[in-house]
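Taking it in order: structure first as C-alpha cells, then the write-up.
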Amino acid sequence: MQKKRMGAILLVMCCILLGGCFSKAVKQKDYTSHGFNIKMDEGMTEKDVMSTTATFMNNEAVVTALKEEFTLLETIGLNKDSKIEDYMEVIIENNKVDSEPKEKDGIHYIEYEKAVSGKNYYYVSAFYKSDDAFWLVNFACEKTNKKEYQETFLKWAKTVTFSK
C-alpha cells in the first residue's frame, strides 16, 4: 500500500514539474462586433482598423473580419445566389494567394504563409456566407507559432456566427 501511494505522489510531482499532466485551460469568451460573432481565448482586444469590419488581437494572434455585401460584389459577378466556393475563387485569384481551397467540419478555408515587414506569418482565411453578405475572416500569427495556432484557428473558425 505504501509503495502505491509513494508511486502516485512521485507521478503527480513529475507531472507538476514537467507541466505535462496539468495544463492550464484557457477560458473562452464570446466576442461581437458589427454583426460578427466569435468565441476565442480570453484576452483578445478589439481594435479599430479602417480596412476591416472587425479586428481582434492579443500579443500572438490577430483575427480580422471583412463583410462584403452582395450589392457591392455584383460588379464582379457575385450575388446572393453565388456559392462560398465562388467567393473563395475570387479572393484567391485577386490576392494571388498560393493555396488550394479546403473544407473541414463545414468550414471553407485556405492556409498560407506570407512575409510582411520582414516577418513571416501564417494565415488561415475562412470564408462564410450570411443573409446579406460574404465574409472573409483572417486568422494570423507569426510563422514560429504556427503549430500552436493551426488547430486553434480552425476551432475558432467553427464558432463564427453573424447577426444583424
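Chain identifiers are assigned as A, B, and so on, following the order in which chains appear in the C-alpha cells; residues are numbered from 1 within each chain, and ligands are numbered from 1 in order of appearance.
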Using only C-alpha atoms, which residues sit within 10 Å of Leu154 (chain A) once same-chain residues fewer than 6 positions away are excluded, as a PDB file with N, CA, C and O atoms, in the first residue's frame?
ATOM      1  N   LYS A 104     -13.278  21.669 -43.958  1.00  0.00           N
ATOM      2  CA  LYS A 104     -13.193  20.759 -42.817  1.00  0.00           C
ATOM      3  C   LYS A 104     -14.257  21.156 -41.812  1.00  0.00           C
ATOM      4  O   LYS A 104     -14.350  22.324 -41.428  1.00  0.00           O
ATOM      5  N   ASP A 105     -15.056  20.193 -41.398  1.00  0.00           N
ATOM      6  CA  ASP A 105     -16.115  20.446 -40.407  1.00  0.00           C
ATOM      7  C   ASP A 105     -17.027  21.601 -40.818  1.00  0.00           C
ATOM      8  O   ASP A 105     -17.451  22.401 -39.985  1.00  0.00           O
ATOM      9  N   ILE A 107     -16.253  24.219 -42.513  1.00  0.00           N
ATOM     10  CA  ILE A 107     -15.535  25.494 -42.675  1.00  0.00           C
ATOM     11  C   ILE A 107     -14.764  25.462 -43.988  1.00  0.00           C
ATOM     12  O   ILE A 107     -13.975  24.556 -44.241  1.00  0.00           O
ATOM     13  N   TYR A 109     -11.875  27.138 -46.119  1.00  0.00           N
ATOM     14  CA  TYR A 109     -10.724  27.957 -45.761  1.00  0.00           C
ATOM     15  C   TYR A 109      -9.520  27.658 -46.651  1.00  0.00           C
ATOM     16  O   TYR A 109      -9.503  26.696 -47.409  1.00  0.00           O
ATOM     17  N   VAL A 124      -4.741  31.596 -41.771  1.00  0.00           N
ATOM     18  CA  VAL A 124      -5.897  30.784 -42.137  1.00  0.00           C
ATOM     19  C   VAL A 124      -6.969  31.799 -42.503  1.00  0.00           C
ATOM     20  O   VAL A 124      -7.312  32.669 -41.701  1.00  0.00           O
ATOM     21  N   SER A 125      -7.466  31.710 -43.731  1.00  0.00           N
ATOM     22  CA  SER A 125      -8.550  32.586 -44.173  1.00  0.00           C
ATOM     23  C   SER A 125      -9.795  31.723 -44.330  1.00  0.00           C
ATOM     24  O   SER A 125      -9.800  30.784 -45.122  1.00  0.00           O
ATOM     25  N   ALA A 126     -10.829  32.047 -43.564  1.00  0.00           N
ATOM     26  CA  ALA A 126     -12.082  31.291 -43.595  1.00  0.00           C
ATOM     27  C   ALA A 126     -13.142  32.122 -44.306  1.00  0.00           C
ATOM     28  O   ALA A 126     -13.175  33.352 -44.173  1.00  0.00           O
ATOM     29  N   PHE A 139      -7.224  34.717 -39.851  1.00  0.00           N
ATOM     30  CA  PHE A 139      -6.551  34.411 -38.599  1.00  0.00           C
ATOM     31  C   PHE A 139      -5.053  34.432 -38.909  1.00  0.00           C
ATOM     32  O   PHE A 139      -4.628  33.815 -39.883  1.00  0.00           O
TER      33      PHE A 139
END
Please identify the alpha helix (DSSP H) residues within chain A (assignment by DSSP from backbone atoms) and present them as a tab-separated table (two decimals) with all heavy atoms, in the first residue's frame.
chain	number	residue	atom	x	y	z
A	2	GLN	N	1.91	1.25	0.81
A	2	GLN	CA	2.80	2.40	0.92
A	2	GLN	C	3.51	2.66	-0.42
A	2	GLN	O	3.68	3.82	-0.81
A	2	GLN	CB	3.82	2.14	2.04
A	2	GLN	CG	4.66	3.33	2.39
A	2	GLN	CD	3.87	4.42	3.13
A	2	GLN	OE1	2.65	4.45	3.15
A	2	GLN	NE2	4.59	5.32	3.74
A	3	LYS	N	3.92	1.60	-1.16
A	3	LYS	CA	4.61	1.75	-2.45
A	3	LYS	C	3.69	2.40	-3.48
A	3	LYS	O	4.11	3.24	-4.25
A	3	LYS	CB	5.10	0.39	-2.96
A	3	LYS	CG	6.34	-0.10	-2.31
A	3	LYS	CD	6.81	-1.37	-2.99
A	3	LYS	CE	8.09	-1.85	-2.36
A	3	LYS	NZ	8.57	-3.08	-2.98
A	4	LYS	N	2.42	1.97	-3.52
A	4	LYS	CA	1.46	2.54	-4.48
A	4	LYS	C	1.26	4.03	-4.21
A	4	LYS	O	1.23	4.84	-5.12
A	4	LYS	CB	0.11	1.82	-4.40
A	4	LYS	CG	0.10	0.48	-5.06
A	4	LYS	CD	-1.29	-0.09	-5.05
A	4	LYS	CE	-1.31	-1.45	-5.73
A	4	LYS	NZ	-2.62	-2.05	-5.70
A	5	ARG	N	1.14	4.36	-2.94
A	5	ARG	CA	0.91	5.75	-2.58
A	5	ARG	C	2.14	6.60	-2.94
A	5	ARG	O	2.03	7.69	-3.47
A	5	ARG	CB	0.61	5.84	-1.10
A	5	ARG	CG	0.24	7.21	-0.65
A	5	ARG	CD	-0.25	7.21	0.75
A	5	ARG	NE	-0.27	8.56	1.25
A	5	ARG	CZ	-0.44	8.88	2.50
A	5	ARG	NH1	-0.64	7.95	3.39
A	5	ARG	NH2	-0.45	10.13	2.85
A	6	MET	N	3.31	6.07	-2.66
A	6	MET	CA	4.54	6.78	-2.98
A	6	MET	C	4.69	6.96	-4.49
A	6	MET	O	5.09	8.02	-4.95
A	6	MET	CB	5.74	6.00	-2.41
A	6	MET	CG	6.97	6.80	-2.34
A	6	MET	SD	6.69	8.20	-1.25
A	6	MET	CE	8.34	8.55	-0.85
A	7	GLY	N	4.34	5.91	-5.25
A	7	GLY	CA	4.40	5.99	-6.71
A	7	GLY	C	3.46	7.05	-7.25
A	7	GLY	O	3.79	7.80	-8.15
A	8	ALA	N	2.27	7.12	-6.69
A	8	ALA	CA	1.28	8.12	-7.12
A	8	ALA	C	1.77	9.53	-6.81
A	8	ALA	O	1.62	10.44	-7.62
A	8	ALA	CB	-0.06	7.86	-6.46
A	9	ILE	N	2.38	9.70	-5.65
A	9	ILE	CA	2.90	11.01	-5.28
A	9	ILE	C	4.02	11.42	-6.23
A	9	ILE	O	4.08	12.56	-6.69
A	9	ILE	CB	3.38	11.00	-3.81
A	9	ILE	CG1	2.18	10.90	-2.87
A	9	ILE	CG2	4.20	12.26	-3.49
A	9	ILE	CD1	2.54	10.66	-1.41
A	10	LEU	N	4.92	10.48	-6.55
A	10	LEU	CA	6.01	10.78	-7.49
A	10	LEU	C	5.48	11.14	-8.86
A	10	LEU	O	5.98	12.05	-9.51
A	10	LEU	CB	6.96	9.58	-7.58
A	10	LEU	CG	7.91	9.41	-6.40
A	10	LEU	CD1	8.68	8.10	-6.55
A	10	LEU	CD2	8.86	10.57	-6.30
A	11	LEU	N	4.46	10.42	-9.31
A	11	LEU	CA	3.86	10.71	-10.62
A	11	LEU	C	3.29	12.12	-10.66
A	11	LEU	O	3.52	12.88	-11.59
A	11	LEU	CB	2.77	9.68	-10.96
A	11	LEU	CG	2.03	9.91	-12.28
A	11	LEU	CD1	3.00	9.80	-13.44
A	11	LEU	CD2	0.90	8.93	-12.43
A	12	VAL	N	2.56	12.48	-9.63
A	12	VAL	CA	1.96	13.82	-9.56
A	12	VAL	C	3.06	14.88	-9.54
A	12	VAL	O	2.99	15.89	-10.24
A	12	VAL	CB	1.03	13.95	-8.33
A	12	VAL	CG1	0.63	15.40	-8.10
A	12	VAL	CG2	-0.19	13.07	-8.51
A	13	MET	N	4.10	14.66	-8.76
A	13	MET	CA	5.19	15.64	-8.69
A	13	MET	C	5.89	15.79	-10.03
A	13	MET	O	6.21	16.89	-10.46
A	13	MET	CB	6.18	15.25	-7.60
A	13	MET	CG	5.61	15.47	-6.20
A	13	MET	SD	6.78	15.07	-4.90
A	13	MET	CE	7.97	16.38	-5.13
A	14	CYS	N	6.12	14.66	-10.73
A	14	CYS	CA	6.75	14.73	-12.06
A	14	CYS	C	5.88	15.51	-13.03
A	14	CYS	O	6.37	16.33	-13.81
A	14	CYS	CB	7.01	13.33	-12.60
A	14	CYS	SG	8.40	12.53	-11.80
A	15	CYS	N	4.59	15.25	-12.96
A	15	CYS	CA	3.68	15.95	-13.87
A	15	CYS	C	3.68	17.45	-13.60
A	15	CYS	O	3.67	18.25	-14.52
A	15	CYS	CB	2.26	15.39	-13.73
A	15	CYS	SG	2.07	13.76	-14.46
A	16	ILE	N	3.71	17.81	-12.33
A	16	ILE	CA	3.71	19.23	-11.99
A	16	ILE	C	5.02	19.87	-12.46
A	16	ILE	O	5.02	20.94	-13.07
A	16	ILE	CB	3.50	19.43	-10.48
A	16	ILE	CG1	2.06	19.04	-10.10
A	16	ILE	CG2	3.79	20.87	-10.07
A	16	ILE	CD1	1.81	18.97	-8.61
A	17	LEU	N	6.14	19.22	-12.16
A	17	LEU	CA	7.43	19.77	-12.55
A	17	LEU	C	7.60	19.88	-14.06
A	17	LEU	O	8.17	20.84	-14.57
A	17	LEU	CB	8.57	18.93	-11.96
A	17	LEU	CG	8.73	19.03	-10.44
A	17	LEU	CD1	9.77	18.03	-9.96
A	17	LEU	CD2	9.13	20.44	-10.02
A	18	LEU	N	7.12	18.88	-14.77
A	18	LEU	CA	7.28	18.88	-16.23
A	18	LEU	C	6.15	19.63	-16.94
A	18	LEU	O	6.23	19.91	-18.12
A	18	LEU	CB	7.35	17.43	-16.75
A	18	LEU	CG	8.53	16.62	-16.24
A	18	LEU	CD1	8.42	15.18	-16.72
A	18	LEU	CD2	9.84	17.24	-16.70
A	70	PHE	N	-23.52	41.65	-50.73
A	70	PHE	CA	-23.80	41.16	-52.08
A	70	PHE	C	-23.96	42.29	-53.08
A	70	PHE	O	-23.48	42.20	-54.21
A	70	PHE	CB	-25.08	40.30	-52.09
A	70	PHE	CG	-24.99	39.06	-51.24
A	70	PHE	CD1	-26.04	38.69	-50.43
A	70	PHE	CD2	-23.86	38.25	-51.26
A	70	PHE	CE1	-25.98	37.54	-49.65
A	70	PHE	CE2	-23.78	37.11	-50.48
A	70	PHE	CZ	-24.84	36.75	-49.67
A	71	THR	N	-24.61	43.39	-52.67
A	71	THR	CA	-24.85	44.51	-53.60
A	71	THR	C	-23.53	45.10	-54.10
A	71	THR	O	-23.45	45.55	-55.24
A	71	THR	CB	-25.70	45.61	-52.94
A	71	THR	OG1	-25.09	45.99	-51.70
A	71	THR	CG2	-27.12	45.11	-52.68
A	72	LEU	N	-22.49	45.08	-53.25
A	72	LEU	CA	-21.18	45.61	-53.65
A	72	LEU	C	-20.42	44.63	-54.53
A	72	LEU	O	-19.58	45.03	-55.33
A	72	LEU	CB	-20.35	45.97	-52.43
A	72	LEU	CG	-20.92	47.05	-51.52
A	72	LEU	CD1	-20.06	47.23	-50.28
A	72	LEU	CD2	-21.04	48.37	-52.28
A	73	LEU	N	-20.70	43.34	-54.38
A	73	LEU	CA	-19.98	42.31	-55.13
A	73	LEU	C	-20.57	42.05	-56.52
A	73	LEU	O	-19.96	41.36	-57.33
A	73	LEU	CB	-19.94	41.00	-54.33
A	73	LEU	CG	-19.14	41.05	-53.03
A	73	LEU	CD1	-19.32	39.76	-52.25
A	73	LEU	CD2	-17.67	41.31	-53.31
A	84	ILE	N	-20.16	29.88	-51.70
A	84	ILE	CA	-18.92	30.22	-50.98
A	84	ILE	C	-17.71	29.92	-51.85
A	84	ILE	O	-16.75	30.68	-51.88
A	84	ILE	CB	-18.84	29.48	-49.63
A	84	ILE	CG1	-19.85	30.06	-48.65
A	84	ILE	CG2	-17.43	29.57	-49.04
A	84	ILE	CD1	-19.89	29.36	-47.30
A	85	GLU	N	-17.75	28.81	-52.57
A	85	GLU	CA	-16.63	28.44	-53.43
A	85	GLU	C	-16.35	29.49	-54.51
A	85	GLU	O	-15.19	29.73	-54.86
A	85	GLU	CB	-16.88	27.07	-54.09
A	85	GLU	CG	-16.91	25.90	-53.13
A	85	GLU	CD	-18.27	25.68	-52.44
A	85	GLU	OE1	-19.21	26.48	-52.67
A	85	GLU	OE2	-18.37	24.73	-51.67
A	86	ASP	N	-17.40	30.13	-55.01
A	86	ASP	CA	-17.24	31.21	-55.99
A	86	ASP	C	-16.51	32.40	-55.36
A	86	ASP	O	-15.61	32.99	-55.97
A	86	ASP	CB	-18.60	31.68	-56.52
A	86	ASP	CG	-19.40	30.57	-57.20
A	86	ASP	OD1	-18.78	29.67	-57.80
A	86	ASP	OD2	-20.65	30.60	-57.10
A	87	TYR	N	-16.92	32.74	-54.16
A	87	TYR	CA	-16.29	33.84	-53.43
A	87	TYR	C	-14.83	33.52	-53.13
A	87	TYR	O	-13.94	34.35	-53.33
A	87	TYR	CB	-17.07	34.11	-52.14
A	87	TYR	CG	-16.52	35.20	-51.27
A	87	TYR	CD1	-16.44	36.52	-51.72
A	87	TYR	CD2	-16.09	34.93	-49.97
A	87	TYR	CE1	-15.95	37.53	-50.91
A	87	TYR	CE2	-15.60	35.94	-49.15
A	87	TYR	CZ	-15.53	37.23	-49.62
A	87	TYR	OH	-15.04	38.23	-48.82
A	88	MET	N	-14.55	32.29	-52.68
A	88	MET	CA	-13.18	31.87	-52.40
A	88	MET	C	-12.30	32.01	-53.63
A	88	MET	O	-11.18	32.53	-53.55
A	88	MET	CB	-13.15	30.40	-51.95
A	88	MET	CG	-13.70	30.14	-50.59
A	88	MET	SD	-13.71	28.37	-50.19
A	88	MET	CE	-11.97	28.10	-49.82
A	89	GLU	N	-12.82	31.57	-54.76
A	89	GLU	CA	-12.06	31.63	-56.02
A	89	GLU	C	-11.67	33.06	-56.36
A	89	GLU	O	-10.52	33.33	-56.73
A	89	GLU	CB	-12.90	31.02	-57.14
A	89	GLU	CG	-12.18	30.89	-58.45
A	89	GLU	CD	-13.07	30.25	-59.51
A	89	GLU	OE1	-13.61	29.15	-59.25
A	89	GLU	OE2	-13.22	30.85	-60.59
A	90	VAL	N	-12.61	33.98	-56.20
A	90	VAL	CA	-12.33	35.39	-56.50
A	90	VAL	C	-11.27	35.95	-55.54
A	90	VAL	O	-10.34	36.63	-55.97
A	90	VAL	CB	-13.64	36.23	-56.42
A	90	VAL	CG1	-13.34	37.72	-56.42
A	90	VAL	CG2	-14.57	35.87	-57.56
A	91	ILE	N	-11.39	35.65	-54.27
A	91	ILE	CA	-10.44	36.16	-53.28
A	91	ILE	C	-9.04	35.60	-53.54
A	91	ILE	O	-8.05	36.33	-53.52
A	91	ILE	CB	-10.90	35.82	-51.84
A	91	ILE	CG1	-12.21	36.52	-51.49
A	91	ILE	CG2	-9.80	36.15	-50.82
A	91	ILE	CD1	-12.16	38.03	-51.51
A	92	ILE	N	-8.95	34.30	-53.79
A	92	ILE	CA	-7.65	33.66	-54.04
A	92	ILE	C	-7.00	34.26	-55.28
A	92	ILE	O	-5.82	34.60	-55.28
A	92	ILE	CB	-7.82	32.13	-54.18
A	92	ILE	CG1	-8.18	31.52	-52.82
A	92	ILE	CG2	-6.55	31.50	-54.73
A	92	ILE	CD1	-8.63	30.07	-52.89
A	93	GLU	N	-7.80	34.42	-56.34
A	93	GLU	CA	-7.27	34.96	-57.60
A	93	GLU	C	-6.85	36.42	-57.46
A	93	GLU	O	-5.76	36.81	-57.86
A	93	GLU	CB	-8.32	34.81	-58.70
A	93	GLU	CG	-7.82	35.17	-60.07
A	93	GLU	CD	-8.89	34.93	-61.13
A	93	GLU	OE1	-9.42	33.81	-61.20
A	93	GLU	OE2	-9.17	35.89	-61.88
A	94	ASN	N	-7.71	37.24	-56.86
A	94	ASN	CA	-7.42	38.67	-56.73
A	94	ASN	C	-6.23	38.96	-55.83
A	94	ASN	O	-5.52	39.94	-56.03
A	94	ASN	CB	-8.65	39.43	-56.22
A	94	ASN	CG	-9.69	39.62	-57.30
A	94	ASN	OD1	-9.44	39.40	-58.47
A	94	ASN	ND2	-10.89	40.01	-56.88
A	146	LYS	N	2.99	28.76	-35.64
A	146	LYS	CA	2.04	28.01	-36.48
A	146	LYS	C	1.52	26.75	-35.79
A	146	LYS	O	0.31	26.51	-35.77
A	146	LYS	CB	2.70	27.64	-37.81
A	146	LYS	CG	1.82	26.81	-38.72
A	146	LYS	CD	2.52	26.47	-40.03
A	146	LYS	CE	1.66	25.58	-40.90
A	146	LYS	NZ	2.29	25.32	-42.20
A	147	LYS	N	2.41	25.95	-35.22
A	147	LYS	CA	1.96	24.70	-34.58
A	147	LYS	C	0.98	24.97	-33.45
A	147	LYS	O	0.02	24.24	-33.27
A	147	LYS	CB	3.16	23.91	-34.05
A	147	LYS	CG	3.86	23.11	-35.10
A	147	LYS	CD	4.91	22.21	-34.48
A	147	LYS	CE	5.52	21.33	-35.56
A	147	LYS	NZ	6.49	20.39	-35.00
A	148	GLU	N	1.23	26.02	-32.71
A	148	GLU	CA	0.36	26.36	-31.58
A	148	GLU	C	-1.02	26.81	-32.05
A	148	GLU	O	-2.02	26.52	-31.42
A	148	GLU	CB	1.02	27.46	-30.74
A	148	GLU	CG	0.18	27.90	-29.56
A	148	GLU	CD	0.81	29.04	-28.78
A	148	GLU	OE1	2.01	29.31	-28.95
A	148	GLU	OE2	0.09	29.67	-28.00
A	149	TYR	N	-1.08	27.54	-33.16
A	149	TYR	CA	-2.34	28.15	-33.58
A	149	TYR	C	-3.08	27.46	-34.72
A	149	TYR	O	-4.24	27.75	-34.96
A	149	TYR	CB	-2.10	29.63	-33.94
A	149	TYR	CG	-2.04	30.51	-32.71
A	149	TYR	CD1	-0.82	30.90	-32.17
A	149	TYR	CD2	-3.20	30.90	-32.08
A	149	TYR	CE1	-0.77	31.68	-31.03
A	149	TYR	CE2	-3.16	31.69	-30.94
A	149	TYR	CZ	-1.94	32.07	-30.42
A	149	TYR	OH	-1.90	32.84	-29.29
A	150	GLN	N	-2.47	26.55	-35.43
A	150	GLN	CA	-3.11	25.94	-36.59
A	150	GLN	C	-4.48	25.34	-36.23
A	150	GLN	O	-5.48	25.67	-36.86
A	150	GLN	CB	-2.19	24.89	-37.20
A	150	GLN	CG	-2.65	24.40	-38.54
A	150	GLN	CD	-1.58	23.55	-39.23
A	150	GLN	OE1	-0.73	22.95	-38.59
A	150	GLN	NE2	-1.62	23.53	-40.54
A	151	GLU	N	-4.53	24.48	-35.25
A	151	GLU	CA	-5.82	23.88	-34.84
A	151	GLU	C	-6.69	24.89	-34.09
A	151	GLU	O	-7.91	24.85	-34.20
A	151	GLU	CB	-5.58	22.63	-34.00
A	151	GLU	CG	-5.06	21.45	-34.80
A	151	GLU	CD	-5.98	21.05	-35.96
A	151	GLU	OE1	-7.21	20.96	-35.76
A	151	GLU	OE2	-5.46	20.85	-37.08
A	152	THR	N	-6.06	25.77	-33.35
A	152	THR	CA	-6.82	26.79	-32.61
A	152	THR	C	-7.60	27.68	-33.57
A	152	THR	O	-8.78	27.96	-33.34
A	152	THR	CB	-5.87	27.66	-31.75
A	152	THR	OG1	-5.22	26.81	-30.80
A	152	THR	CG2	-6.61	28.76	-31.03
A	153	PHE	N	-6.96	28.10	-34.66
A	153	PHE	CA	-7.65	28.95	-35.63
A	153	PHE	C	-8.87	28.22	-36.22
A	153	PHE	O	-9.93	28.82	-36.37
A	153	PHE	CB	-6.71	29.37	-36.75
A	153	PHE	CG	-5.69	30.41	-36.35
A	153	PHE	CD1	-4.57	30.63	-37.15
A	153	PHE	CD2	-5.83	31.20	-35.21
A	153	PHE	CE1	-3.62	31.60	-36.81
A	153	PHE	CE2	-4.89	32.17	-34.86
A	153	PHE	CZ	-3.78	32.36	-35.66
A	154	LEU	N	-8.73	26.95	-36.53
A	154	LEU	CA	-9.87	26.20	-37.07
A	154	LEU	C	-10.97	26.02	-36.02
A	154	LEU	O	-12.16	26.06	-36.33
A	154	LEU	CB	-9.42	24.86	-37.63
A	154	LEU	CG	-8.56	24.97	-38.90
A	154	LEU	CD1	-8.05	23.59	-39.32
A	154	LEU	CD2	-9.32	25.63	-40.04
A	155	LYS	N	-10.56	25.84	-34.77
A	155	LYS	CA	-11.53	25.73	-33.67
A	155	LYS	C	-12.31	27.04	-33.54
A	155	LYS	O	-13.53	27.04	-33.42
A	155	LYS	CB	-10.80	25.40	-32.36
A	155	LYS	CG	-11.71	25.20	-31.17
A	155	LYS	CD	-10.90	24.80	-29.94
A	155	LYS	CE	-10.83	25.99	-29.03
A	155	LYS	NZ	-10.12	25.74	-27.78
A	156	TRP	N	-11.59	28.16	-33.58
A	156	TRP	CA	-12.26	29.45	-33.51
A	156	TRP	C	-13.16	29.66	-34.72
A	156	TRP	O	-14.27	30.18	-34.61
A	156	TRP	CB	-11.25	30.59	-33.42
A	156	TRP	CG	-10.45	30.66	-32.16
A	156	TRP	CD1	-10.64	29.95	-31.01
A	156	TRP	CD2	-9.32	31.49	-31.91
A	156	TRP	NE1	-9.69	30.29	-30.08
A	156	TRP	CE2	-8.86	31.24	-30.60
A	156	TRP	CE3	-8.63	32.42	-32.68
A	156	TRP	CZ2	-7.77	31.90	-30.03
A	156	TRP	CZ3	-7.54	33.08	-32.12
A	156	TRP	CH2	-7.13	32.82	-30.82
A	157	ALA	N	-12.70	29.26	-35.90
A	157	ALA	CA	-13.47	29.44	-37.14
A	157	ALA	C	-14.81	28.73	-37.07
A	157	ALA	O	-15.80	29.21	-37.64
A	157	ALA	CB	-12.66	28.96	-38.33
Task: Test item: residues at most 7 Å from Glu69 (chain A), only C-alpha atoms, excluding those fewer than 6 positions along its chain, as a PyMOL selection string - done: chain A and resi 132-134
Go ahead and save the picked residues with N, CA, C and O atoms, as a PDB file, in the first residue's frame.
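Final output, again_33.pdb:
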ATOM      1  N   ASP A 132     -26.924  38.571 -46.044  1.00  0.00           N
ATOM      2  CA  ASP A 132     -26.754  39.735 -46.910  1.00  0.00           C
ATOM      3  C   ASP A 132     -25.326  39.945 -47.419  1.00  0.00           C
ATOM      4  O   ASP A 132     -25.046  40.941 -48.073  1.00  0.00           O
ATOM      5  N   ALA A 133     -24.414  38.996 -47.107  1.00  0.00           N
ATOM      6  CA  ALA A 133     -23.015  39.246 -47.476  1.00  0.00           C
ATOM      7  C   ALA A 133     -22.172  37.978 -47.441  1.00  0.00           C
ATOM      8  O   ALA A 133     -22.554  36.971 -46.849  1.00  0.00           O
ATOM      9  N   PHE A 134     -21.005  38.092 -48.067  1.00  0.00           N
ATOM     10  CA  PHE A 134     -19.937  37.123 -47.855  1.00  0.00           C
ATOM     11  C   PHE A 134     -19.019  37.737 -46.812  1.00  0.00           C
ATOM     12  O   PHE A 134     -18.886  38.963 -46.719  1.00  0.00           O
TER      13      PHE A 134
END
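Nearest to Tyr123 (chain A) of all the residues A:Lys143, A:Lys80, A:His108, A:Lys164 is A:Lys143, based on only C-alpha atoms.
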Open item on the list: as number ranges by chain, please: every residue in chain A that a backbone DSSP assignment puts in strand (DSSP E or B).
Closed with: A: 28-33, 36-41, 45-47, 54-57, 61-69, 102-104, 107-116, 119-129, 133-142, 161-162
Open item on the list: Report as a PyMOL selection string all protein, DNA and RNA residues lying within 7 Å of Trp135 (chain A), evaluated on only C-alpha atoms, omitting residues in the same chain fewer than 4 positions from it.
Closed with: chain A and resi 65-68+127-129
Using N, CA, C and O atoms, can you write the selected residues to a file as a PDB file, in the first residue's frame?
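Listing of out-v5.pdb after writing:
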ATOM      1  N   ALA A  65     -12.168  40.397 -39.596  1.00  0.00           N
ATOM      2  CA  ALA A  65     -13.375  40.007 -40.317  1.00  0.00           C
ATOM      3  C   ALA A  65     -13.725  41.124 -41.290  1.00  0.00           C
ATOM      4  O   ALA A  65     -13.705  42.297 -40.929  1.00  0.00           O
ATOM      5  N   LEU A  66     -14.023  40.735 -42.523  1.00  0.00           N
ATOM      6  CA  LEU A  66     -14.412  41.695 -43.547  1.00  0.00           C
ATOM      7  C   LEU A  66     -15.751  41.271 -44.132  1.00  0.00           C
ATOM      8  O   LEU A  66     -15.881  40.173 -44.676  1.00  0.00           O
ATOM      9  N   LYS A  67     -16.739  42.141 -44.001  1.00  0.00           N
ATOM     10  CA  LYS A  67     -18.069  41.892 -44.566  1.00  0.00           C
ATOM     11  C   LYS A  67     -18.130  42.539 -45.937  1.00  0.00           C
ATOM     12  O   LYS A  67     -17.842  43.736 -46.082  1.00  0.00           O
ATOM     13  N   GLU A  68     -18.495  41.732 -46.943  1.00  0.00           N
ATOM     14  CA  GLU A  68     -18.643  42.243 -48.303  1.00  0.00           C
ATOM     15  C   GLU A  68     -20.075  41.962 -48.766  1.00  0.00           C
ATOM     16  O   GLU A  68     -20.420  40.838 -49.105  1.00  0.00           O
ATOM     17  N   PHE A 127     -13.996  31.436 -45.053  1.00  0.00           N
ATOM     18  CA  PHE A 127     -14.995  32.102 -45.890  1.00  0.00           C
ATOM     19  C   PHE A 127     -16.393  31.712 -45.429  1.00  0.00           C
ATOM     20  O   PHE A 127     -16.666  30.534 -45.190  1.00  0.00           O
ATOM     21  N   TYR A 128     -17.290  32.710 -45.362  1.00  0.00           N
ATOM     22  CA  TYR A 128     -18.648  32.478 -44.874  1.00  0.00           C
ATOM     23  C   TYR A 128     -19.647  33.229 -45.756  1.00  0.00           C
ATOM     24  O   TYR A 128     -19.299  34.200 -46.419  1.00  0.00           O
ATOM     25  N   LYS A 129     -20.892  32.786 -45.668  1.00  0.00           N
ATOM     26  CA  LYS A 129     -21.987  33.462 -46.361  1.00  0.00           C
ATOM     27  C   LYS A 129     -23.103  33.689 -45.349  1.00  0.00           C
ATOM     28  O   LYS A 129     -23.565  32.754 -44.702  1.00  0.00           O
TER      29      LYS A 129
END
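The shortest atom-to-atom distance to Glu113 (chain A), with only C-alpha atoms taken into account, belongs to A:Cys141 out of A:Cys141, A:Met57, A:Met40, A:Leu136.
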TODO: Can you work out which one of A:Ser99, A:Asn138, A:Asn79, A:Gln28 has the shortest atom-to-atom distance to Thr53 (chain A), counting only C-alpha atoms?
DONE: A:Asn138
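The space between CA of Gly43 (chain A) and CA of Glu111 (chain A) spans 24.2 Å.
Considering the residues A:His34, A:Lys27, A:Ser82, A:Glu142 and counting only C-alpha atoms, Val116 (chain A) has its shortest atom-to-atom contact with A:Glu142.
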- [ ] Could you jot down the CA of Thr159 (chain A) to CA of Lys102 (chain A) separation for me, Å, one decimal place?
- [x] 17.4 Å
Using only C-alpha atoms, which protein or nucleic acid residues come within 6 Å of Phe162 (chain A)? Drop anything in the same chain fewer than 4 positions from it, and give the result as a short mmCIF file (atom, residue, chain, number, x, y, z; two decimals) with C-alpha atoms, in the first residue's frame.
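Saved file around.cif follows:
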data_model
loop_
_atom_site.label_atom_id
_atom_site.label_comp_id
_atom_site.auth_asym_id
_atom_site.auth_seq_id
_atom_site.Cartn_x
_atom_site.Cartn_y
_atom_site.Cartn_z
CA GLY A 35 -22.69 41.64 -36.68
CA PHE A 36 -19.65 39.35 -36.42
CA ASN A 37 -19.61 36.90 -33.50
#
